[in-house]
>>> print(open('entry.txt').read())   # compact mmCIF, C-alpha atoms and all ligand atoms
# COMPACT_ATOMS: atom_id res chain seq x y z
CA MET A 22 0.00 0.00 0.00
CA PRO A 23 1.32 3.48 -0.83
CA ALA A 24 1.85 5.84 2.09
CA ALA A 25 -0.98 7.76 3.74
CA ILE A 26 -0.06 11.41 3.14
CA ILE A 27 -1.04 13.92 5.82
CA ALA A 28 -0.61 17.69 5.31
CA ILE A 29 -0.44 19.93 8.38
CA ALA A 30 -1.91 23.23 7.24
CA ASN A 31 -3.13 26.57 8.52
CA GLN A 32 -2.40 29.83 6.72
CA LYS A 33 -2.12 31.62 10.05
CA GLY A 34 1.36 31.81 11.60
CA GLY A 35 2.37 30.24 14.90
CA GLU A 36 -0.58 27.88 15.28
CA GLY A 37 1.56 24.79 15.98
CA LYS A 38 1.97 23.33 12.46
CA THR A 39 5.68 22.61 12.76
CA THR A 40 5.45 21.28 16.32
CA THR A 41 2.62 19.02 15.21
CA ALA A 42 4.40 17.87 12.03
CA ILE A 43 7.59 16.99 13.91
CA ASN A 44 5.86 15.09 16.69
CA LEU A 45 3.31 13.39 14.46
CA ALA A 46 6.07 12.21 12.13
CA HIS A 47 8.31 11.00 14.94
CA GLY A 48 5.32 9.52 16.81
CA LEU A 49 4.23 7.57 13.73
CA SER A 50 7.77 6.26 13.23
CA LEU A 51 7.83 5.11 16.88
CA THR A 52 4.76 2.96 16.19
CA GLY A 53 6.76 1.15 13.50
CA LYS A 54 5.55 3.13 10.49
CA ASN A 55 8.22 3.98 7.96
CA THR A 56 7.72 7.73 7.83
CA LEU A 57 8.83 10.67 5.70
CA LEU A 58 8.58 14.24 6.97
CA VAL A 59 8.34 16.76 4.11
CA ASP A 60 9.17 20.40 4.81
CA MET A 61 7.24 22.67 2.41
CA ASP A 62 8.05 25.84 4.35
CA PRO A 63 10.89 28.16 3.24
CA GLN A 64 11.40 28.93 6.97
CA GLY A 65 12.83 25.39 7.20
CA ASN A 66 11.77 25.03 10.84
CA SER A 67 11.04 21.32 10.82
CA SER A 68 14.18 20.67 8.75
CA GLY A 69 16.20 22.49 11.42
CA ILE A 70 15.26 19.90 14.02
CA PHE A 71 16.74 17.05 12.01
CA ALA A 72 19.39 18.52 9.74
CA ASP A 73 22.11 21.14 9.53
CA VAL A 74 20.04 23.41 7.27
CA GLU A 75 22.89 25.82 6.42
CA ASN A 76 24.93 23.05 4.86
CA LEU A 77 22.12 21.30 3.03
CA THR A 78 22.82 21.33 -0.69
CA LYS A 79 19.72 19.52 -1.97
CA THR A 80 16.27 20.65 -0.89
CA VAL A 81 12.62 20.82 -1.97
CA ALA A 82 13.54 23.89 -4.07
CA ASP A 83 15.39 21.52 -6.42
CA LEU A 84 12.13 19.73 -7.19
CA PHE A 85 10.66 22.98 -8.53
CA THR A 86 13.72 23.73 -10.63
CA LYS A 87 13.93 20.04 -11.66
CA LYS A 88 17.59 19.89 -10.55
CA HIS A 89 17.11 16.86 -8.31
CA THR A 90 14.60 14.05 -7.79
CA ALA A 91 12.75 13.30 -4.54
CA GLU A 92 15.00 10.35 -3.89
CA GLU A 93 18.11 12.53 -4.23
CA ILE A 94 17.01 15.14 -1.70
CA ILE A 95 15.67 12.83 1.03
CA VAL A 96 17.99 12.42 4.03
CA ARG A 97 17.94 10.02 6.97
CA THR A 98 17.31 11.50 10.41
CA LYS A 99 18.78 10.48 13.76
CA TYR A 100 15.51 8.64 14.42
CA GLU A 101 14.98 5.13 13.13
CA LYS A 102 12.27 4.83 10.44
CA LEU A 103 12.09 8.62 9.98
CA ASP A 104 13.40 10.34 6.85
CA LEU A 105 13.30 14.03 5.94
CA MET A 106 12.73 15.91 2.70
CA PRO A 107 14.22 19.25 3.75
CA ALA A 108 13.55 22.85 2.78
CA LYS A 109 15.31 26.11 3.45
CA ILE A 110 15.03 29.77 2.50
CA SER A 111 16.01 29.04 -1.11
CA LEU A 112 12.47 27.65 -1.55
CA ALA A 113 11.07 31.18 -1.28
CA GLU A 114 13.11 32.23 -4.31
CA VAL A 115 11.79 29.60 -6.71
CA GLU A 116 8.16 30.53 -6.42
CA LEU A 117 7.77 33.25 -9.02
CA SER A 118 10.03 31.66 -11.58
CA THR A 119 8.13 28.37 -11.56
CA LEU A 120 4.55 29.43 -11.97
CA ASN A 121 3.96 27.30 -15.02
CA VAL A 122 1.20 24.79 -15.58
CA ASP A 123 3.01 22.08 -13.56
CA ALA A 124 3.57 24.27 -10.51
CA PRO A 125 0.70 22.94 -8.34
CA TYR A 126 1.70 19.32 -9.00
CA VAL A 127 5.44 19.32 -8.27
CA MET A 128 5.12 17.72 -4.83
CA ARG A 129 2.47 15.23 -5.96
CA ASP A 130 4.80 13.96 -8.70
CA ALA A 131 7.74 13.86 -6.28
CA LEU A 132 5.82 11.87 -3.68
CA ASP A 133 4.40 9.54 -6.33
CA SER A 134 7.96 8.40 -6.94
CA VAL A 135 8.68 7.53 -3.27
CA LYS A 136 5.33 6.79 -1.65
CA ASN A 137 5.68 3.04 -2.02
CA LYS A 138 8.69 3.12 0.33
CA TYR A 139 6.79 4.67 3.23
CA ASP A 140 3.75 3.89 5.36
CA THR A 141 3.10 7.51 6.29
CA ILE A 142 4.19 10.91 4.94
CA VAL A 143 3.69 14.12 6.94
CA ILE A 144 3.94 17.53 5.22
CA ASP A 145 4.65 20.72 7.18
CA CYS A 146 3.14 23.75 5.39
CA PRO A 147 4.11 27.44 5.48
CA PRO A 148 1.81 30.06 7.07
CA SER A 149 0.31 31.19 3.78
CA LEU A 150 -1.97 29.97 1.04
CA SER A 151 0.96 30.01 -1.36
CA ILE A 152 1.85 27.60 -4.14
CA PHE A 153 3.62 25.51 -1.49
CA THR A 154 0.49 24.95 0.58
CA ILE A 155 -1.37 24.21 -2.66
CA ASN A 156 1.32 21.64 -3.52
CA ALA A 157 0.99 20.03 -0.09
CA LEU A 158 -2.81 19.87 -0.17
CA GLY A 159 -2.68 18.72 -3.78
CA SER A 160 -0.59 15.69 -2.89
CA ALA A 161 -2.16 14.76 0.45
CA GLY A 162 -4.90 12.27 1.25
CA TYR A 163 -5.59 14.01 4.54
CA VAL A 164 -5.25 17.42 6.13
CA VAL A 165 -4.81 18.23 9.83
CA ILE A 166 -5.43 21.82 10.93
CA PRO A 167 -3.60 22.95 14.08
CA LEU A 168 -5.51 25.78 15.69
CA GLN A 169 -4.81 27.95 18.70
CA ALA A 170 -8.29 27.86 20.20
CA GLU A 171 -7.89 30.97 22.25
CA LYS A 172 -6.74 33.06 19.30
CA PHE A 173 -8.73 31.55 16.44
CA SER A 174 -10.62 33.80 14.05
CA ILE A 175 -13.76 32.88 12.19
CA ASP A 176 -12.48 34.66 9.07
CA GLY A 177 -9.28 32.60 9.18
CA ILE A 178 -11.21 29.35 9.55
CA LYS A 179 -13.57 30.29 6.71
CA GLY A 180 -10.61 31.16 4.48
CA LEU A 181 -8.95 27.83 5.14
CA GLN A 182 -12.17 25.91 4.62
CA GLY A 183 -12.63 27.72 1.29
CA THR A 184 -9.10 26.84 0.20
CA ILE A 185 -9.55 23.17 1.08
CA GLU A 186 -12.85 23.07 -0.82
CA GLY A 187 -11.18 24.77 -3.81
CA ILE A 188 -8.33 22.24 -3.80
CA LYS A 189 -10.85 19.39 -3.65
CA ARG A 190 -12.79 20.80 -6.58
CA ARG A 191 -9.91 21.64 -8.85
CA ILE A 192 -6.82 19.64 -7.90
CA ASN A 193 -7.39 16.81 -5.45
CA PRO A 194 -10.93 15.41 -5.02
CA ASP A 195 -9.57 12.72 -2.65
CA LEU A 196 -8.46 15.18 0.04
CA LYS A 197 -10.15 14.49 3.40
CA ILE A 198 -10.17 16.73 6.46
CA LEU A 199 -8.90 14.52 9.28
CA GLY A 200 -9.62 17.24 11.81
CA ALA A 201 -8.62 20.40 13.62
CA LEU A 202 -6.11 19.94 16.44
CA ILE A 203 -6.41 22.46 19.24
CA THR A 204 -2.91 23.56 20.29
CA GLN A 205 -1.39 25.74 22.99
CA LEU A 206 -4.47 25.37 25.14
CA LYS A 207 -4.40 27.03 28.56
CA SER A 208 -7.72 25.92 29.97
CA ASN A 209 -9.91 23.01 28.98
CA THR A 210 -13.01 24.62 30.47
CA VAL A 211 -12.89 27.55 28.10
CA LEU A 212 -12.47 25.21 25.16
CA THR A 213 -15.37 22.87 25.82
CA LYS A 214 -17.84 25.52 26.91
CA THR A 215 -17.41 28.24 24.35
CA ILE A 216 -14.85 27.69 21.62
CA LEU A 217 -15.24 24.04 20.66
CA PRO A 218 -18.83 24.26 19.34
CA VAL A 219 -17.88 27.21 17.11
CA ILE A 220 -14.92 25.40 15.55
CA GLN A 221 -16.98 22.23 15.13
CA ASN A 222 -19.29 24.19 12.82
CA TYR A 223 -16.44 24.23 10.33
CA PHE A 224 -14.24 21.18 10.95
CA PRO A 225 -14.30 17.93 12.91
CA VAL A 226 -12.10 18.42 16.00
CA PHE A 227 -9.71 15.82 17.41
CA GLU A 228 -10.65 14.62 20.92
CA THR A 229 -7.07 15.22 22.00
CA SER A 230 -5.96 18.79 22.44
CA ILE A 231 -2.42 20.00 23.12
CA SER A 232 -1.86 22.12 26.20
CA THR A 233 0.73 24.85 26.59
CA GLY A 234 4.01 23.88 28.18
CA VAL A 235 7.61 25.08 28.26
CA ALA A 236 8.94 21.66 27.23
CA VAL A 237 7.70 22.32 23.67
CA GLY A 238 10.01 25.31 23.16
CA GLU A 239 12.82 23.52 24.99
CA SER A 240 12.55 20.52 22.67
CA HIS A 241 12.87 22.81 19.63
CA LEU A 242 15.93 24.47 21.13
CA SER A 243 17.56 21.10 21.78
CA ARG A 244 16.69 20.09 18.20
CA ARG A 245 14.76 17.01 19.25
CA SER A 246 11.17 15.94 18.96
CA LEU A 247 9.19 16.40 22.17
CA LEU A 248 8.65 12.64 22.29
CA ASP A 249 12.43 12.24 22.44
CA TYR A 250 13.23 15.30 24.60
CA ASN A 251 10.84 14.34 27.40
CA PRO A 252 8.28 11.63 26.67
CA SER A 253 6.76 11.86 30.16
CA VAL A 254 5.79 15.53 29.95
CA LYS A 255 2.06 16.28 29.53
CA GLN A 256 2.32 17.64 25.97
CA ALA A 257 4.31 14.59 24.82
CA LYS A 258 1.56 12.32 26.11
CA GLU A 259 -1.02 14.48 24.36
CA TYR A 260 0.90 14.21 21.08
CA GLN A 261 1.06 10.42 21.54
CA SER A 262 -2.68 10.29 21.96
CA PHE A 263 -3.08 12.51 18.87
CA VAL A 264 -0.89 10.04 16.92
CA ARG A 265 -3.26 7.23 17.92
CA GLU A 266 -6.26 9.26 16.74
CA VAL A 267 -4.54 9.93 13.42
CA LEU A 268 -3.79 6.22 12.98
CA ASN A 269 -7.46 5.42 13.59
CA GLY A 270 -8.55 8.18 11.22
CA ILE A 271 -6.41 7.05 8.31
CA LYS A 272 -7.49 3.41 8.65
CA LYS A 273 -11.07 4.27 7.75
N1 LIG B 1 1.89 23.26 23.02
C1 LIG B 1 2.74 24.28 23.04
N2 LIG B 1 3.15 24.83 24.19
C2 LIG B 1 4.02 25.87 24.22
N3 LIG B 1 4.53 26.44 23.13
C3 LIG B 1 4.17 25.94 21.92
C4 LIG B 1 3.27 24.84 21.80
N4 LIG B 1 3.10 24.57 20.48
C5 LIG B 1 3.87 25.45 19.82
N5 LIG B 1 4.50 26.27 20.67
C6 LIG B 1 5.40 27.39 20.34
O1 LIG B 1 4.70 28.31 19.54
C7 LIG B 1 5.50 28.77 18.47
C8 LIG B 1 4.84 28.42 17.14
O2 LIG B 1 4.77 27.01 17.01
P1 LIG B 1 5.06 26.30 15.62
O3 LIG B 1 6.36 26.73 15.08
O4 LIG B 1 4.83 24.85 15.82
O5 LIG B 1 3.87 26.94 14.76
P2 LIG B 1 3.75 27.07 13.19
O6 LIG B 1 2.29 27.07 12.89
O7 LIG B 1 4.57 26.04 12.52
O8 LIG B 1 4.38 28.50 12.92
P3 LIG B 1 4.67 29.12 11.43
O9 LIG B 1 3.34 29.52 10.95
O10 LIG B 1 5.61 30.25 11.68
O11 LIG B 1 5.27 28.03 10.61
C9 LIG B 1 6.86 28.12 18.64
O12 LIG B 1 7.70 29.02 19.32
C10 LIG B 1 6.58 26.90 19.50
O13 LIG B 1 7.68 26.55 20.31
MG MG B 2 6.00 26.23 10.98
>>> encode(input="entry.txt", output="structure tokens", more="lines below")
Ligand SMILES: Nc1ncnc2c1ncn2[C@@H]1O[C@H](COP(=O)(O)OP(=O)(O)OP(=O)(O)O)[C@@H](O)[C@H]1O
Ligand SMILES: [Mg+2]
Amino acid sequence: MPAAIIAIANQKGGEGKTTTAINLAHGLSLTGKNTLLVDMDPQGNSSGIFADVENLTKTVADLFTKKHTAEEIIVRTKYEKLDLMPAKISLAEVELSTLNVDAPYVMRDALDSVKNKYDTIVIDCPPSLSIFTINALGSAGYVVIPLQAEKFSIDGIKGLQGTIEGIKRRINPDLKILGALITQLKSNTVLTKTILPVIQNYFPVFETSISTGVAVGESHLSRRSLLDYNPSVKQAKEYQSFVREVLNGIKK
């Protein structure tokens, strides 16, 4: 079976996409799934956890310029069963020069060539509805939407829902919304009473939510996944339970 491909998307910045992509990818690999983490963000944040980004010579940008194949740019990570397709700032520079008819399908073609080697592929998206997010959603079977419940905006949610619908109509009719993941939550009471029903009007919401904790930032600084940095901390356990929900969701 080809890999289940899961894009982590939200056009708003700082909602927890990268944290979720890193820990979902590592969490899936820990359950025995051969996993590829794809960085589609020119910020290169998820690549920075696993690779020395400065010295990377082959990145996702080379797919757009057709300089290298997917296989050539994928690197192993320090974690067993977890590979990385890295990106860095050079990705931002290819955008305008590659807006030809193939542009939305670059990542789909790239993943087509490697998806038989993996059980799961996780794509970290940039905070924009750029060609890169379109590429990610165009190649994915599923989308997960990290959302900071206490800062969410209805306009933002509507915009994202519209984009996903547009992608389904024009590029990828198979795309399914796996759910919204509430991140950086300070109080569960506020969520269940007031915010949750509003978000549920737009997207299914994962039962697990991710609370706020300093270990998340610390794990980024130490360039490790949270599940590696401190698996017993609350947020690591929450991410493990989110991984289980994702596994159930993609089985259906
Ligand atoms: N559960 C959490 N608890 C505490 N801090 C968190 C949590 N999740 C994320 N953060 C912090 O919030 C910031 C944004 O998180 P992250 O980078 O995952 O979001 P993002 O959506 O990928 O951002 P961008 O849109 O810039 O790519 C980071 O500094 C991260 O360390
Ligand atoms: Mg990010």
>>> atom_distance(input="entry.txt", atom1="atom N2 of ligand LIG 1 (chain B)", atom2="CA of Val226 (chain A)")
18.5 Å
>>> residues_near_ligand(input="entry.txt", ligand="ligand MG 2 (chain B)", cutoff="10 Å", atoms="all atoms listed in the file", output="list in words")
Ile29, Ala30, Asn31, Lys33, Gly34, Gly35, Glu36, Gly37, Lys38, Thr39, Thr40, Thr41, Ala42, Ile43, Asp60, Met61, Asp62, Pro63, Gln64, Gly65, Asn66, Ser67, Asp145, Cys146, Pro147 and Pro148 of chain A
>>> residues_around(input="entry.txt", residues="region 243-247 of chain A", least_positions_apart="5", cutoff="10 Å", atoms="all atoms listed in the file", output="PyMOL selection string")
chain A and resi 40-48+67-72+99-100+236-238+252-254+256-258+260
>>> axis_aligned_box(input="entry.txt", around="region 84-89 of chain A", padding_each_side="5 Å", output="JSON")
{"center_x": 14.1, "center_y": 20.3, "center_z": -9.4, "size_x": 16.9, "size_y": 16.9, "size_z": 14.5}
>>> closest_residue(input="entry.txt", among="A:Ser134, A:Tyr250, A:Gln32, A:Lys109", to="ligand LIG 1 (chain B)", atoms="all atoms listed in the file")
A:Gln32
>>> atom_distance(input="entry.txt", atom1="CA of Gln182 (chain A)", atom2="CA of Lys197 (chain A)")
11.7 Å
>>> atom_distance(input="entry.txt", atom1="atom C10 of ligand LIG 1 (chain B)", atom2="CA of Ile203 (chain A)")
13.7 Å
>>> closest_residue(input="entry.txt", among="A:Ile178, A:Ala113, A:Ala161, A:Leu150", to="Met128 (chain A)", atoms="only C-alpha atoms")
A:Ala161
>>> closest_residue(input="entry.txt", among="A:Ile110, A:Ala157, A:Ile198, A:Ala25", to="Asn55 (chain A)", atoms="all atoms listed in the file")
A:Ala25
>>> closest_residue(input="entry.txt", among="A:Asp249, A:Ser230, A:Val115, A:Ala124", to="Ser208 (chain A)", atoms="all atoms listed in the file")
A:Ser230
>>> residues_around(input="entry.txt", residues="Ala201 (chain A)", least_positions_apart="3", cutoff="7 Å", atoms="all atoms listed in the file", output="ChimeraX atom specification")
/A:165-168,224-227
>>> residues_around(input="entry.txt", residues="Asn193 (chain A)", least_positions_apart="2", cutoff="12 Å", atoms="all atoms listed in the file", output="PyMOL selection string")
chain A and resi 125-126+129+155-164+184-191+195-197
>>> closest_residue(input="entry.txt", among="A:Thr86, A:Asn251, A:Leu57, A:Val135", to="Glu239 (chain A)", atoms="only C-alpha atoms")
A:Asn251
>>> closest_residue(input="entry.txt", among="A:Asn209, A:Ser232, A:Thr52, A:Thr78", to="Leu268 (chain A)", atoms="all atoms listed in the file")
A:Thr52
>>> decode(input="entry.txt", residues="region 206-235 of chain A", atoms="N, CA and C atoms", output="compact mmCIF listing (two decimals), in the first residue's frame")
# COMPACT_ATOMS: atom_id res chain seq x y z
N LEU A 206 -3.27 25.13 24.35
CA LEU A 206 -4.47 25.37 25.14
C LEU A 206 -4.10 25.65 26.60
N LYS A 207 -4.71 26.70 27.16
CA LYS A 207 -4.40 27.03 28.56
C LYS A 207 -5.44 26.48 29.51
N SER A 208 -6.69 26.44 29.07
CA SER A 208 -7.72 25.92 29.97
C SER A 208 -8.77 25.13 29.21
N ASN A 209 -8.94 23.88 29.63
CA ASN A 209 -9.91 23.01 28.98
C ASN A 209 -11.35 23.48 29.12
N THR A 210 -11.64 24.16 30.22
CA THR A 210 -13.01 24.62 30.47
C THR A 210 -13.44 25.61 29.40
N VAL A 211 -12.56 26.55 29.11
CA VAL A 211 -12.89 27.55 28.10
C VAL A 211 -13.15 26.88 26.76
N LEU A 212 -12.33 25.89 26.45
CA LEU A 212 -12.47 25.21 25.16
C LEU A 212 -13.83 24.54 25.04
N THR A 213 -14.16 23.67 25.99
CA THR A 213 -15.37 22.87 25.82
C THR A 213 -16.64 23.72 25.89
N LYS A 214 -16.61 24.75 26.73
CA LYS A 214 -17.84 25.52 26.91
C LYS A 214 -18.13 26.46 25.74
N THR A 215 -17.11 27.16 25.29
CA THR A 215 -17.41 28.24 24.35
C THR A 215 -16.81 28.07 22.96
N ILE A 216 -15.54 27.64 22.91
CA ILE A 216 -14.85 27.69 21.62
C ILE A 216 -15.11 26.47 20.75
N LEU A 217 -15.12 25.29 21.41
CA LEU A 217 -15.24 24.04 20.66
C LEU A 217 -16.46 23.99 19.73
N PRO A 218 -17.66 24.34 20.23
CA PRO A 218 -18.83 24.26 19.34
C PRO A 218 -18.71 25.16 18.11
N VAL A 219 -18.04 26.29 18.25
CA VAL A 219 -17.88 27.21 17.11
C VAL A 219 -16.98 26.57 16.06
N ILE A 220 -15.85 26.01 16.50
CA ILE A 220 -14.92 25.40 15.55
C ILE A 220 -15.56 24.17 14.88
N GLN A 221 -16.34 23.43 15.67
CA GLN A 221 -16.98 22.23 15.13
C GLN A 221 -17.99 22.54 14.02
N ASN A 222 -18.42 23.79 13.94
CA ASN A 222 -19.29 24.19 12.82
C ASN A 222 -18.56 24.10 11.49
N TYR A 223 -17.23 24.18 11.55
CA TYR A 223 -16.44 24.23 10.33
C TYR A 223 -15.66 22.94 10.07
N PHE A 224 -15.08 22.37 11.11
CA PHE A 224 -14.24 21.18 10.95
C PHE A 224 -14.53 20.18 12.07
N PRO A 225 -14.33 18.86 11.78
CA PRO A 225 -14.30 17.93 12.91
C PRO A 225 -13.08 18.27 13.79
N VAL A 226 -13.20 18.06 15.09
CA VAL A 226 -12.10 18.42 16.00
C VAL A 226 -11.60 17.15 16.69
N PHE A 227 -10.29 16.97 16.72
CA PHE A 227 -9.71 15.82 17.41
C PHE A 227 -10.10 15.86 18.89
N GLU A 228 -10.34 14.68 19.49
CA GLU A 228 -10.65 14.62 20.92
C GLU A 228 -9.48 15.12 21.75
N THR A 229 -8.27 14.77 21.30
CA THR A 229 -7.07 15.22 22.00
C THR A 229 -6.84 16.69 21.69
N SER A 230 -6.49 17.45 22.72
CA SER A 230 -5.96 18.79 22.44
C SER A 230 -4.59 18.89 23.11
N ILE A 231 -3.80 19.85 22.63
CA ILE A 231 -2.42 20.00 23.12
C ILE A 231 -2.35 21.22 24.03
N SER A 232 -1.94 21.00 25.26
CA SER A 232 -1.86 22.12 26.20
C SER A 232 -0.55 22.90 26.01
N THR A 233 -0.49 24.03 26.67
CA THR A 233 0.73 24.85 26.59
C THR A 233 1.74 24.37 27.63
N GLY A 234 2.98 24.28 27.22
CA GLY A 234 4.01 23.88 28.18
C GLY A 234 5.39 24.27 27.69
N VAL A 235 6.28 24.60 28.64
CA VAL A 235 7.61 25.08 28.26
C VAL A 235 8.45 24.01 27.57
